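See below for the structure under consideration.
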Amino acid sequence: MMDCKGKKVIVTGGSQGYGKGIAAALHARGAQVWITGRRRDVLAQSATELGVQAVAGDVGNPADWDRVFAACGNDIDVLINNAGGGIRIAPLQEQSDDDIRRSIESNLLGVIYGCRRAAALMTAR
């Protein structure tokens with residue numbers, strides 16, 4: 001893996017699983033890392049364990065993205081859209097409108113909101 005010294009990186013869903021592993025690897029290679037997640041207790045514990053910054057929030061909420069980017073000074077080099085899931089495992093006909101909406105907000109809109117903001121910042125540089 002490349003040297004990431006001095007790079008500013010946001011890893012969504014970085015408090016556990018693949019996201020936590022990605023955040024740990026990038027931090028070990030010199031990146032300044034911010035992890036995001038909805039579960040504040042797990043997020044805080046992971047940030048302390050990894051030695052990275054944490055910003056609680058829901059990627060499906062544009063206002064939470066504002067806080068994430070503000071935390072890193074509205075200046076990033078890499079955005080890793082790892083957050084996702086929230087899909088209720090059931091036949092489609094048993095899923096409510098809210099189940100479907102939550103899945104789309106997290107797995108589609110969350111990625112779009114983050115990429116749109118990151119692209120604007122990176123292009124401005």
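Starting from 1 in every chain, residues are counted up; chains themselves are A, B, ... following the order of the structure tokens, and ligands are numbered from 1 as listed.
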Wanna dump the segment 27-49 of chain A-segment 64-84 of chain A contacts at 9 Å for me, each residue with its shortest atom pair and the distance in Å to one decimal, counting only C-alpha atoms, ordered by chain and number, as JSON lines?
{"residue": "A:Val33", "atom": "CA", "partner": "A:Cys72", "partner_atom": "CA", "distance": 8.9}
{"residue": "A:Trp34", "atom": "CA", "partner": "A:Cys72", "partner_atom": "CA", "distance": 7.5}
{"residue": "A:Ile35", "atom": "CA", "partner": "A:Val68", "partner_atom": "CA", "distance": 8.9}
{"residue": "A:Thr36", "atom": "CA", "partner": "A:Val68", "partner_atom": "CA", "distance": 7.6}
{"residue": "A:Gly37", "atom": "CA", "partner": "A:Ala83", "partner_atom": "CA", "distance": 7.6}
TODO: Fewer than 6 positions away in the same chain doesn't count, so skip those; otherwise give me all residues within 12 Å of Ala63 of chain A, counting only C-alpha atoms, as a PyMOL selection string.
DONE: chain A and resi 56-57+69-70+110+113-114+117
Write out the residues from the selection above, keeping C-alpha atoms, as an mmCIF file, in the first residue's frame.
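Output file out-v1.cif follows:
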data_model
loop_
_atom_site.group_PDB
_atom_site.id
_atom_site.type_symbol
_atom_site.label_atom_id
_atom_site.label_comp_id
_atom_site.auth_asym_id
_atom_site.auth_seq_id
_atom_site.Cartn_x
_atom_site.Cartn_y
_atom_site.Cartn_z
ATOM 1 C CA ALA A 56 -21.056 10.831 14.572
ATOM 2 C CA GLY A 57 -23.702 11.027 11.916
ATOM 3 C CA PHE A 69 -16.512 17.902 6.291
ATOM 4 C CA ALA A 70 -16.354 20.799 8.759
ATOM 5 C CA GLY A 110 -25.377 8.736 1.368
ATOM 6 C CA TYR A 113 -24.118 13.304 -0.809
ATOM 7 C CA GLY A 114 -20.561 12.504 0.243
ATOM 8 C CA ARG A 117 -19.355 17.431 -1.399
#
- [ ] Would you please work out which residue, of A:Thr48, A:Asn61, A:Ser96, A:Ser15, is nearest to Leu108 of chain A when using only C-alpha atoms?
- [x] A:Asn61
Open item on the list: Counting only C-alpha atoms, which residue out of A:Gly19, A:Pro91, A:Gly6, A:Gly60 sits closest to Ala47 of chain A?
Closed with: A:Gly19
